[in-house]
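S.K.: Can you read through this structure? Questions will come right after.
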Amino acid sequence: MAIAKALPLATVPSPFLARRRRQLLLAVPVFALLALLPLLVRDVYLQNVLVLTLMYAALSQSWNILGGYCGQISLGHALYFGIGAYTTSVLFVNFGILPWGGMLAGGVLAVLVALLLGYPCFKLRGHYFSIATIVIAEIGLLLVHNWDYVGAAMGIQWPFGPDSWATLQFARDKVPYFHLALGLFAITWLVTWVIEGSRWGFWWRAVKDDTEAAQSLGVEVFRSKMAAAAVSAFFTAVGGAFYAAFVSYIDPESVMSFRFSLLFALPAVLGGIGTLWGPAVGAAVLIPLTEITRSYLGGNGSGLDLVIYGVLIMLVALARPEGLLSLLPRPRAAGEGGR
Amino acid sequence: MSAPLLEVRDVTRRFGGLVANSHVSMEVRQGEILGLIGPNGAGKSTLFNLIAGAFPPSAGQILLEGRDITTLPGTARCGLGIARTFQVPRSFDSMTVLENVMVGAFVRHPRAHAAQAAALETLDYVGLAARAGAPAGELTPPEKRRLEMARALATRPRLLLLDEVMTGLTPSEAQKGVELVRRVREAGVTIVMVEHVMEVVMPLVDRAVVLHLGEVLAEGSPQQVVRDDGVITAYLGERHRAA
Ligand SMILES: Nc1ncnc2c1ncn2[C@@H]1O[C@H](COP(=O)(O)OP(=O)(O)O)[C@@H](O)[C@H]1O
Ligand SMILES: [Mg+2]
């Protein structure tokens, strides 16, 4: 066609792959600077907030893989978080297996559960899928509550021991946990970045945008959902393992309540669903806010923090449905070739 | 004479009480452009959906080069070389134009680098290369139709199903569309196109099948079809009788 002939291919220099290179080049200094943050923040309470912020950034990034990229909105990821936390705790306390092994075992177990549940659940559409995830996670919570081997309602207390990177126990110093959480977030970020550039990433986004059109273009819809669920569940369980080591005491409510499922979804929704940095931006706003309100208002059970999330999300939904990240100029526009 | 590329055998599709396709039989020959025409609601898009595998027929069979594909899902049919556009364009709006086309290209090129190269080539082919980096949601309606074409072509189909790709285009845009369809056919792709703008289709197609109320009303060369009495009363109306 005449228009096309007038524009040699050279004027469109690989816009997609070029954008990916830029994303990676930006990420390196961001992670490097984050790693230095404990030098500035010496206060232990604030360090604690930073650890939680990074942990939720990683967990929300994991949730984002299924919810943001593949469009399957799970509100039951507390189940995988609990699987990670409990597997690690049981293996460590009862068998002396180091949390590093528990992390891996919990992740693998979560993948198996996700695939098993995905089989029936991914036949459901939209809200029905979300409701099913809530119900299943609540059933999981009830089961753990009544399961004596894992401590039932009492939970599991990790034994006291010396500070060590082997057991991931650091009684006084929060900085190692900070770097662990940062590492976890960096890994989930990198995994997301790699997937974004692969066929899986394209398939997932196609499934999210228009399942029927995706199918007509050769996208394996069911396999896409299963793969996204598996990756998402794995890293959520790894996050659960980290959390168990961090707090060294878990019980059903403290790792498997619905609150966690919300806390994994909300940062991504707030920051920008289906984006590389959305979950981190959302967590950076949401987690300090909830921690601060919690310490001012005291106690855990008031539920006021949940009200705050709700209000925040409603504001974002009304003013910026695409999340806080969309306030920035779109880097994507730079890839617009030929002009 | 070789076997037809596609054969539709006595296919019926019901939606509740409504019969959208009733005992439809037809064939698509290798290398031809077949026009599928008929008034709105005749069942053309439904037949496309059945051929592409969006949903199964209530009865009947669909064969690709003699192989029964009636129960194959759409994904697998795409792999076998059937691609389609949608009457109402359905772009992936969280993606750029290039990324949309890459989705199609991944069918033949599992690696992103190769898929991108193939997608850029296809965009160039349909005349959308200049918009490669634009968000798909920002395209004008004629550009969206081109994107639909590019995405389908990127899957390297043998059979391309075009659902009203000319509708709503200005005469000069439509002329470019016609040229594009011709070029695609010359590249060896067999085409079935649904259109109800007869002026556009008739000079372009080798054969035409007329659907009316879900049934095949007539079939033949464009000249035969426009002279068919049943077709004239059912579909063409006064506009064409006068001509
Ligand atoms: N998914 C569907 N559910 C219910 N009815 C449908 C569906 N698709 C098409 N129909 C009905 O089938 C008939 C044929 O529609 P369609 O195939 O779109 O016709 P055409 O493309 O020739 O205009 C119409 O009456 C339409 O309302
Ligand atoms: Mg139609």
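Naming scheme: A, B, ... for chains in displayed order of the structure tokens; residues 1 onward per chain; ligands 1 onward as shown.
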Enumerate residues in contact with ligand 2: an atom-to-atom distance of at most 9 Å, counting only C-alpha atoms and all ligand atoms. Format the result as a short mmCIF file (atom, residue, chain, number, x, y, z; two decimals) with all heavy atoms, in the first residue's frame.
M.R.:
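Resulting contents of out_11.cif:
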data_model
loop_
_atom_site.label_atom_id
_atom_site.label_comp_id
_atom_site.auth_asym_id
_atom_site.auth_seq_id
_atom_site.Cartn_x
_atom_site.Cartn_y
_atom_site.Cartn_z
N PRO B 39 -29.16 -10.05 4.14
CA PRO B 39 -29.56 -8.90 4.96
C PRO B 39 -29.16 -9.09 6.42
O PRO B 39 -28.77 -10.18 6.83
CB PRO B 39 -31.08 -8.85 4.81
CG PRO B 39 -31.48 -10.22 4.35
CD PRO B 39 -30.31 -10.79 3.61
N ASN B 40 -29.26 -8.02 7.18
CA ASN B 40 -28.96 -8.10 8.60
C ASN B 40 -29.78 -9.18 9.29
O ASN B 40 -30.97 -9.31 9.02
CB ASN B 40 -29.28 -6.75 9.28
CG ASN B 40 -28.02 -5.92 9.43
OD1 ASN B 40 -26.93 -6.48 9.64
ND2 ASN B 40 -28.16 -4.62 9.32
N GLY B 41 -29.14 -9.94 10.15
CA GLY B 41 -29.85 -10.98 10.87
C GLY B 41 -29.99 -12.26 10.08
O GLY B 41 -30.63 -13.21 10.53
N ALA B 42 -29.36 -12.34 8.90
CA ALA B 42 -29.49 -13.54 8.06
C ALA B 42 -28.73 -14.72 8.65
O ALA B 42 -29.01 -15.87 8.31
CB ALA B 42 -28.98 -13.25 6.66
N GLY B 43 -27.77 -14.45 9.53
CA GLY B 43 -27.01 -15.54 10.15
C GLY B 43 -25.58 -15.62 9.66
O GLY B 43 -24.90 -16.62 9.88
N LYS B 44 -25.09 -14.55 9.03
CA LYS B 44 -23.74 -14.58 8.47
C LYS B 44 -22.68 -14.64 9.57
O LYS B 44 -21.76 -15.47 9.52
CB LYS B 44 -23.51 -13.33 7.59
CG LYS B 44 -24.57 -13.14 6.52
CD LYS B 44 -24.32 -11.90 5.70
CE LYS B 44 -24.40 -10.59 6.47
NZ LYS B 44 -25.74 -10.20 6.92
N SER B 45 -22.80 -13.77 10.55
CA SER B 45 -21.81 -13.76 11.63
C SER B 45 -21.86 -15.06 12.42
O SER B 45 -20.82 -15.57 12.87
CB SER B 45 -22.04 -12.57 12.57
OG SER B 45 -21.83 -11.36 11.87
N THR B 46 -23.05 -15.59 12.59
CA THR B 46 -23.18 -16.87 13.29
C THR B 46 -22.40 -17.96 12.55
O THR B 46 -21.66 -18.73 13.17
CB THR B 46 -24.66 -17.27 13.40
OG1 THR B 46 -25.36 -16.24 14.10
CG2 THR B 46 -24.82 -18.59 14.13
N PHE B 48 -19.86 -17.53 10.64
CA PHE B 48 -18.43 -17.26 10.88
C PHE B 48 -17.99 -17.82 12.22
O PHE B 48 -16.93 -18.43 12.34
CB PHE B 48 -18.19 -15.74 10.86
CG PHE B 48 -17.71 -15.24 9.53
CD1 PHE B 48 -18.10 -15.87 8.37
CD2 PHE B 48 -16.86 -14.15 9.46
CE1 PHE B 48 -17.66 -15.41 7.14
CE2 PHE B 48 -16.42 -13.68 8.23
CZ PHE B 48 -16.82 -14.31 7.08
N PHE B 86 -13.66 -9.59 13.56
CA PHE B 86 -14.96 -9.45 14.17
C PHE B 86 -15.70 -8.27 13.56
O PHE B 86 -15.09 -7.26 13.21
CB PHE B 86 -14.81 -9.24 15.68
CG PHE B 86 -14.31 -10.45 16.40
CD1 PHE B 86 -12.95 -10.65 16.59
CD2 PHE B 86 -15.19 -11.42 16.86
CE1 PHE B 86 -12.48 -11.78 17.25
CE2 PHE B 86 -14.73 -12.55 17.52
CZ PHE B 86 -13.37 -12.74 17.71
N GLN B 87 -17.00 -8.44 13.44
CA GLN B 87 -17.82 -7.39 12.84
C GLN B 87 -17.65 -6.09 13.62
O GLN B 87 -17.46 -5.03 13.03
CB GLN B 87 -19.29 -7.83 12.83
CG GLN B 87 -20.20 -6.82 12.19
CD GLN B 87 -21.61 -7.36 12.01
OE1 GLN B 87 -21.87 -8.54 12.21
NE2 GLN B 87 -22.52 -6.50 11.62
N VAL B 88 -17.73 -6.18 14.94
CA VAL B 88 -17.42 -5.04 15.79
C VAL B 88 -15.98 -5.24 16.25
O VAL B 88 -15.71 -6.19 16.98
CB VAL B 88 -18.36 -4.97 17.00
CG1 VAL B 88 -18.01 -3.78 17.88
CG2 VAL B 88 -19.80 -4.92 16.55
N ASP B 163 -15.41 -10.24 8.47
CA ASP B 163 -16.80 -9.91 8.77
C ASP B 163 -17.03 -8.41 8.64
O ASP B 163 -16.68 -7.64 9.52
CB ASP B 163 -17.17 -10.39 10.18
CG ASP B 163 -18.68 -10.50 10.37
OD1 ASP B 163 -19.42 -9.99 9.51
OD2 ASP B 163 -19.10 -11.11 11.37
N GLU B 164 -17.59 -8.00 7.51
CA GLU B 164 -17.95 -6.60 7.25
C GLU B 164 -16.78 -5.66 7.48
O GLU B 164 -16.91 -4.65 8.17
CB GLU B 164 -19.14 -6.19 8.12
CG GLU B 164 -20.32 -7.13 7.96
CD GLU B 164 -21.67 -6.43 8.07
OE1 GLU B 164 -21.70 -5.19 8.11
OE2 GLU B 164 -22.69 -7.12 8.08
N VAL B 194 -17.89 -11.48 4.51
CA VAL B 194 -19.27 -11.07 4.72
C VAL B 194 -19.35 -9.59 4.41
O VAL B 194 -18.49 -8.82 4.81
CB VAL B 194 -19.67 -11.29 6.19
CG1 VAL B 194 -20.91 -10.47 6.53
CG2 VAL B 194 -19.94 -12.76 6.45
N GLU B 195 -20.36 -9.21 3.66
CA GLU B 195 -20.50 -7.79 3.37
C GLU B 195 -21.95 -7.58 3.01
O GLU B 195 -22.55 -8.41 2.34
CB GLU B 195 -19.59 -7.44 2.19
CG GLU B 195 -19.08 -6.02 2.19
CD GLU B 195 -18.25 -5.68 3.41
OE1 GLU B 195 -17.18 -6.29 3.62
OE2 GLU B 195 -18.67 -4.80 4.18
#
S.K.: Which neighbours of Val101 (chain B) fall inside 8 Å, counting only C-alpha atoms, when residues of the same chain fewer than 4 positions from it are skipped, and could you give them as number ranges by chain?
M.R.: B: 97, 105, 119, 122-123, 147, 150-152, 154
S.K.: Please dump the current selection as a CSV table (one decimal), in the first residue's frame; keep all heavy atoms.
M.R.:
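Generated file (result-v8.csv):
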chain,number,residue,atom,x,y,z
B,97,VAL,N,-0.8,-1.0,19.4
B,97,VAL,CA,-1.2,-1.7,18.1
B,97,VAL,C,-0.2,-2.8,17.8
B,97,VAL,O,-0.6,-3.9,17.5
B,97,VAL,CB,-1.1,-0.6,17.0
B,97,VAL,CG1,-1.2,-1.3,15.6
B,97,VAL,CG2,-2.2,0.4,17.2
B,105,ALA,N,0.9,-13.1,16.1
B,105,ALA,CA,2.2,-13.6,15.5
B,105,ALA,C,2.7,-14.7,16.4
B,105,ALA,O,3.5,-15.5,15.9
B,105,ALA,CB,3.2,-12.4,15.4
B,119,ALA,N,5.2,-9.2,13.3
B,119,ALA,CA,4.1,-8.2,13.5
B,119,ALA,C,4.4,-6.9,12.8
B,119,ALA,O,3.5,-6.3,12.2
B,119,ALA,CB,3.9,-8.0,15.0
B,122,THR,N,3.7,-7.4,9.2
B,122,THR,CA,2.3,-7.4,8.9
B,122,THR,C,1.7,-6.0,9.0
B,122,THR,O,0.9,-5.6,8.2
B,122,THR,CB,1.6,-8.3,9.9
B,122,THR,OG1,2.3,-9.6,10.0
B,122,THR,CG2,0.2,-8.6,9.5
B,123,LEU,N,2.1,-5.2,10.0
B,123,LEU,CA,1.6,-3.9,10.1
B,123,LEU,C,2.0,-3.1,8.9
B,123,LEU,O,1.2,-2.3,8.4
B,123,LEU,CB,2.2,-3.2,11.4
B,123,LEU,CG,1.5,-3.5,12.7
B,123,LEU,CD1,2.2,-3.0,13.9
B,123,LEU,CD2,0.0,-3.0,12.6
B,147,LEU,N,-6.4,-3.0,11.9
B,147,LEU,CA,-5.7,-3.7,13.0
B,147,LEU,C,-6.3,-5.1,13.1
B,147,LEU,O,-5.6,-6.1,13.3
B,147,LEU,CB,-5.9,-3.0,14.3
B,147,LEU,CG,-5.4,-3.7,15.6
B,147,LEU,CD1,-3.9,-4.0,15.4
B,147,LEU,CD2,-5.6,-2.9,16.8
B,150,ALA,N,-4.7,-7.0,10.4
B,150,ALA,CA,-3.3,-7.3,10.7
B,150,ALA,C,-3.2,-8.4,11.7
B,150,ALA,O,-2.3,-9.4,11.5
B,150,ALA,CB,-2.6,-6.0,11.2
B,151,ARG,N,-4.0,-8.4,12.7
B,151,ARG,CA,-3.9,-9.4,13.8
B,151,ARG,C,-4.2,-10.8,13.2
B,151,ARG,O,-3.5,-11.7,13.5
B,151,ARG,CB,-4.9,-9.0,14.9
B,151,ARG,CG,-4.4,-8.9,16.2
B,151,ARG,CD,-5.4,-8.3,17.2
B,151,ARG,NE,-6.8,-8.7,17.0
B,151,ARG,CZ,-7.8,-8.4,17.9
B,151,ARG,NH1,-7.5,-7.8,19.0
B,151,ARG,NH2,-9.0,-8.7,17.6
B,152,ALA,N,-5.3,-10.8,12.4
B,152,ALA,CA,-5.6,-12.1,11.8
B,152,ALA,C,-4.5,-12.6,10.9
B,152,ALA,O,-4.2,-13.8,10.9
B,152,ALA,CB,-7.0,-12.0,11.1
B,154,ALA,N,-1.4,-12.0,10.9
B,154,ALA,CA,-0.2,-12.3,11.7
B,154,ALA,C,-0.2,-13.8,12.1
B,154,ALA,O,0.8,-14.4,12.4
B,154,ALA,CB,0.0,-11.4,12.9
S.K.: Can you work out which residues from chain B touch chain A at a cut-off of 9 Å (counting only C-alpha atoms) and hand them back as a PyMOL selection string?
M.R.: chain B and resi 52-54+73-79+82-86+90-96+98-100+102-107+110-113+115-117+120-121+123-135+151-152+154-155+176+179-180
S.K.: Restrict the selected residues to C-alpha atoms and save them as a PDB file, in the first residue's frame.
M.R.:
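After the write, part35.pdb holds the following:
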ATOM      1  CA  ALA B  52     -13.913 -20.162  13.532  1.00  0.00           C
ATOM      2  CA  GLY B  53     -14.972 -22.277  16.508  1.00  0.00           C
ATOM      3  CA  ALA B  54     -16.285 -19.556  18.813  1.00  0.00           C
ATOM      4  CA  PRO B  73     -12.052 -25.204  19.901  1.00  0.00           C
ATOM      5  CA  GLY B  74     -11.207 -21.891  18.276  1.00  0.00           C
ATOM      6  CA  THR B  75      -7.638 -21.895  19.538  1.00  0.00           C
ATOM      7  CA  ALA B  76      -6.846 -25.120  17.728  1.00  0.00           C
ATOM      8  CA  ARG B  77      -8.546 -23.964  14.549  1.00  0.00           C
ATOM      9  CA  CYS B  78      -6.341 -20.897  14.524  1.00  0.00           C
ATOM     10  CA  GLY B  79      -3.356 -23.212  14.666  1.00  0.00           C
ATOM     11  CA  ILE B  82      -8.348 -20.354  10.195  1.00  0.00           C
ATOM     12  CA  ALA B  83      -8.362 -16.682  11.176  1.00  0.00           C
ATOM     13  CA  ARG B  84     -11.176 -14.227  11.461  1.00  0.00           C
ATOM     14  CA  THR B  85     -12.014 -10.594  12.094  1.00  0.00           C
ATOM     15  CA  PHE B  86     -14.962  -9.451  14.174  1.00  0.00           C
ATOM     16  CA  ARG B  90     -12.352  -6.194  19.371  1.00  0.00           C
ATOM     17  CA  SER B  91      -8.891  -4.843  19.942  1.00  0.00           C
ATOM     18  CA  PHE B  92      -6.915  -5.547  23.112  1.00  0.00           C
ATOM     19  CA  ASP B  93      -7.107  -2.076  24.557  1.00  0.00           C
ATOM     20  CA  SER B  94      -4.457  -2.426  27.259  1.00  0.00           C
ATOM     21  CA  MET B  95      -1.927  -2.995  24.481  1.00  0.00           C
ATOM     22  CA  THR B  96      -0.343  -0.996  21.722  1.00  0.00           C
ATOM     23  CA  LEU B  98       2.090  -3.603  17.689  1.00  0.00           C
ATOM     24  CA  GLU B  99       1.406  -5.721  20.777  1.00  0.00           C
ATOM     25  CA  ASN B 100      -2.077  -6.550  19.474  1.00  0.00           C
ATOM     26  CA  MET B 102       2.143  -9.742  18.212  1.00  0.00           C
ATOM     27  CA  VAL B 103      -0.556 -11.783  19.962  1.00  0.00           C
ATOM     28  CA  GLY B 104      -1.475 -13.174  16.570  1.00  0.00           C
ATOM     29  CA  ALA B 105       2.161 -13.568  15.522  1.00  0.00           C
ATOM     30  CA  PHE B 106       2.954 -15.706  18.577  1.00  0.00           C
ATOM     31  CA  VAL B 107       0.982 -18.543  16.994  1.00  0.00           C
ATOM     32  CA  PRO B 110       6.943 -18.486  20.091  1.00  0.00           C
ATOM     33  CA  ARG B 111       9.794 -16.059  20.767  1.00  0.00           C
ATOM     34  CA  ALA B 112       9.052 -12.365  21.308  1.00  0.00           C
ATOM     35  CA  HIS B 113      11.795 -11.131  19.035  1.00  0.00           C
ATOM     36  CA  ALA B 115       6.949 -12.309  16.853  1.00  0.00           C
ATOM     37  CA  GLN B 116       7.757  -8.617  16.911  1.00  0.00           C
ATOM     38  CA  ALA B 117       9.502  -8.795  13.554  1.00  0.00           C
ATOM     39  CA  LEU B 120       5.955  -5.202  12.225  1.00  0.00           C
ATOM     40  CA  GLU B 121       6.043  -6.756   8.803  1.00  0.00           C
ATOM     41  CA  LEU B 123       1.603  -3.863  10.104  1.00  0.00           C
ATOM     42  CA  ASP B 124       3.616  -2.578   7.188  1.00  0.00           C
ATOM     43  CA  TYR B 125       1.662  -4.843   4.864  1.00  0.00           C
ATOM     44  CA  VAL B 126      -1.724  -3.444   5.940  1.00  0.00           C
ATOM     45  CA  GLY B 127      -0.452   0.129   6.103  1.00  0.00           C
ATOM     46  CA  LEU B 128      -0.523   0.611   9.864  1.00  0.00           C
ATOM     47  CA  ALA B 129       3.220   0.662  10.551  1.00  0.00           C
ATOM     48  CA  ALA B 130       3.132   4.331  11.484  1.00  0.00           C
ATOM     49  CA  ARG B 131       0.744   3.568  14.339  1.00  0.00           C
ATOM     50  CA  ALA B 132       2.721   0.657  15.787  1.00  0.00           C
ATOM     51  CA  GLY B 133       3.349   2.342  19.145  1.00  0.00           C
ATOM     52  CA  ALA B 134      -0.098   3.854  19.605  1.00  0.00           C
ATOM     53  CA  PRO B 135      -2.471   2.435  22.217  1.00  0.00           C
ATOM     54  CA  ARG B 151      -3.905  -9.385  13.795  1.00  0.00           C
ATOM     55  CA  ALA B 152      -5.637 -12.110  11.811  1.00  0.00           C
ATOM     56  CA  ALA B 154      -0.206 -12.323  11.654  1.00  0.00           C
ATOM     57  CA  THR B 155      -1.458 -15.824  12.479  1.00  0.00           C
ATOM     58  CA  LYS B 176      -7.810   0.680  -0.267  1.00  0.00           C
ATOM     59  CA  GLU B 179      -6.791  -3.566  -2.833  1.00  0.00           C
ATOM     60  CA  LEU B 180      -5.601  -5.054   0.424  1.00  0.00           C
TER      61      LEU B 180
END
S.K.: Region 30-109 of chain B: which residues are strand (DSSP E or B) by DSSP, as a PyMOL selection string?
M.R.: chain B and resi 33-37+59-64+67-68+82-84+96
S.K.: Go ahead and compute the interatomic distance for CA of Val192 (chain B) and CA of Leu153 (chain B), in Å to one decimal.
M.R.: 13.6 Å
S.K.: Give me, as number ranges by chain, all polymer residues having an atom no more than 10 Å from Val189 (chain B), counting only C-alpha atoms and skipping those fewer than 5 positions away in the same chain.
M.R.: B: 30-33, 81, 153, 156-160, 181-184
S.K.: DSSP on the backbone: what in region 122-252 of chain A comes out alpha helix (DSSP H), as a PyMOL selection string?
M.R.: chain A and resi 126-145+175-196+199-209+211-216+221-247+252
S.K.: Go through B:Gly35, B:Pro57, B:Gly16, B:Gly188 and flag the residue nearest ligand 1, using only C-alpha atoms and all ligand atoms for the distances.
M.R.: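 Closest residue, counting only C-alpha atoms and all ligand atoms: B:Gly16.
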S.K.: Leaving out Ile308 (chain A) and any residue of its chain fewer than 4 positions from it, which residues lie within 9 Å of it when counting only C-alpha atoms, given as a ChimeraX atom specification?
M.R.: /A:289-290,303-304,312-313
S.K.: Find the residues near Leu46 (chain A): any atom within 10 Å, counting only C-alpha atoms, skip ones fewer than 3 places away on the same chain, and give them as a list in words.
M.R.: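 Residues meeting the cut-off are Pro38, Val41, Arg42, Asp43, Val49, Leu50, Val51, Leu52, Lys174, Pro288, Glu291 and Ile292 of chain A.
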S.K.: Using only C-alpha atoms, determine which residues lie at most 10 Å from Asp173 (chain A), disregarding the query and same-chain residues fewer than 2 positions distant; provide the list as a ChimeraX atom specification.
M.R.: /A:44,47-48,163,169-171,175-178
S.K.: Between CA of Thr275 (chain A) and CA of Phe260 (chain A), what distance in Å does the model show, to one decimal?
M.R.: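 CA of Phe260 (chain A) lies 20.8 Å from CA of Thr275 (chain A).
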S.K.: Neighbouring residues of Arg207 (chain B) were defined as those with any atom within 12 Å, considering only C-alpha atoms; residues of the same chain fewer than 2 positions away were excluded. Please report them as JSON, numbers by chain.
M.R.: {"B": [26, 27, 28, 29, 31, 32, 33, 34, 35, 36, 37, 191, 192, 193, 201, 202, 203, 204, 205, 209, 210, 218, 219, 220, 221, 222, 223, 224, 225, 226]}
S.K.: Kindly export the residues of the current selection with C-alpha atoms, as a PDB file, in the first residue's frame.
M.R.:
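In the end it all went to result06.pdb:
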ATOM      1  CA  MET B  26     -21.549 -24.765   1.376  1.00  0.00           C
ATOM      2  CA  GLU B  27     -17.936 -25.097   0.420  1.00  0.00           C
ATOM      3  CA  VAL B  28     -14.987 -22.797   0.127  1.00  0.00           C
ATOM      4  CA  ARG B  29     -12.521 -23.594  -2.619  1.00  0.00           C
ATOM      5  CA  GLY B  31      -7.602 -19.790  -3.334  1.00  0.00           C
ATOM      6  CA  GLU B  32     -10.954 -18.146  -3.978  1.00  0.00           C
ATOM      7  CA  ILE B  33     -12.659 -15.100  -2.542  1.00  0.00           C
ATOM      8  CA  LEU B  34     -16.117 -16.160  -1.503  1.00  0.00           C
ATOM      9  CA  GLY B  35     -18.717 -13.527  -0.708  1.00  0.00           C
ATOM     10  CA  LEU B  36     -21.208 -14.368   2.018  1.00  0.00           C
ATOM     11  CA  ILE B  37     -24.097 -11.968   1.676  1.00  0.00           C
ATOM     12  CA  ILE B 191     -10.946 -15.540   1.808  1.00  0.00           C
ATOM     13  CA  VAL B 192     -14.570 -15.586   2.870  1.00  0.00           C
ATOM     14  CA  MET B 193     -15.977 -12.126   3.258  1.00  0.00           C
ATOM     15  CA  VAL B 201     -18.262  -7.174  -2.733  1.00  0.00           C
ATOM     16  CA  MET B 202     -19.497  -8.060  -6.155  1.00  0.00           C
ATOM     17  CA  PRO B 203     -16.486  -6.924  -8.198  1.00  0.00           C
ATOM     18  CA  LEU B 204     -14.151  -8.542  -5.681  1.00  0.00           C
ATOM     19  CA  VAL B 205     -15.536 -12.030  -5.171  1.00  0.00           C
ATOM     20  CA  VAL B 209     -23.434 -17.455  -1.245  1.00  0.00           C
ATOM     21  CA  VAL B 210     -26.626 -15.717  -0.175  1.00  0.00           C
ATOM     22  CA  ALA B 218     -28.670 -18.931  -3.657  1.00  0.00           C
ATOM     23  CA  GLU B 219     -25.136 -19.657  -4.692  1.00  0.00           C
ATOM     24  CA  GLY B 220     -23.087 -18.911  -7.804  1.00  0.00           C
ATOM     25  CA  SER B 221     -21.114 -16.263  -9.592  1.00  0.00           C
ATOM     26  CA  PRO B 222     -21.884 -12.668  -8.575  1.00  0.00           C
ATOM     27  CA  GLN B 223     -23.688 -12.150 -11.889  1.00  0.00           C
ATOM     28  CA  GLN B 224     -25.882 -15.207 -11.370  1.00  0.00           C
ATOM     29  CA  VAL B 225     -26.672 -14.300  -7.820  1.00  0.00           C
ATOM     30  CA  VAL B 226     -27.773 -10.737  -8.470  1.00  0.00           C
TER      31      VAL B 226
END
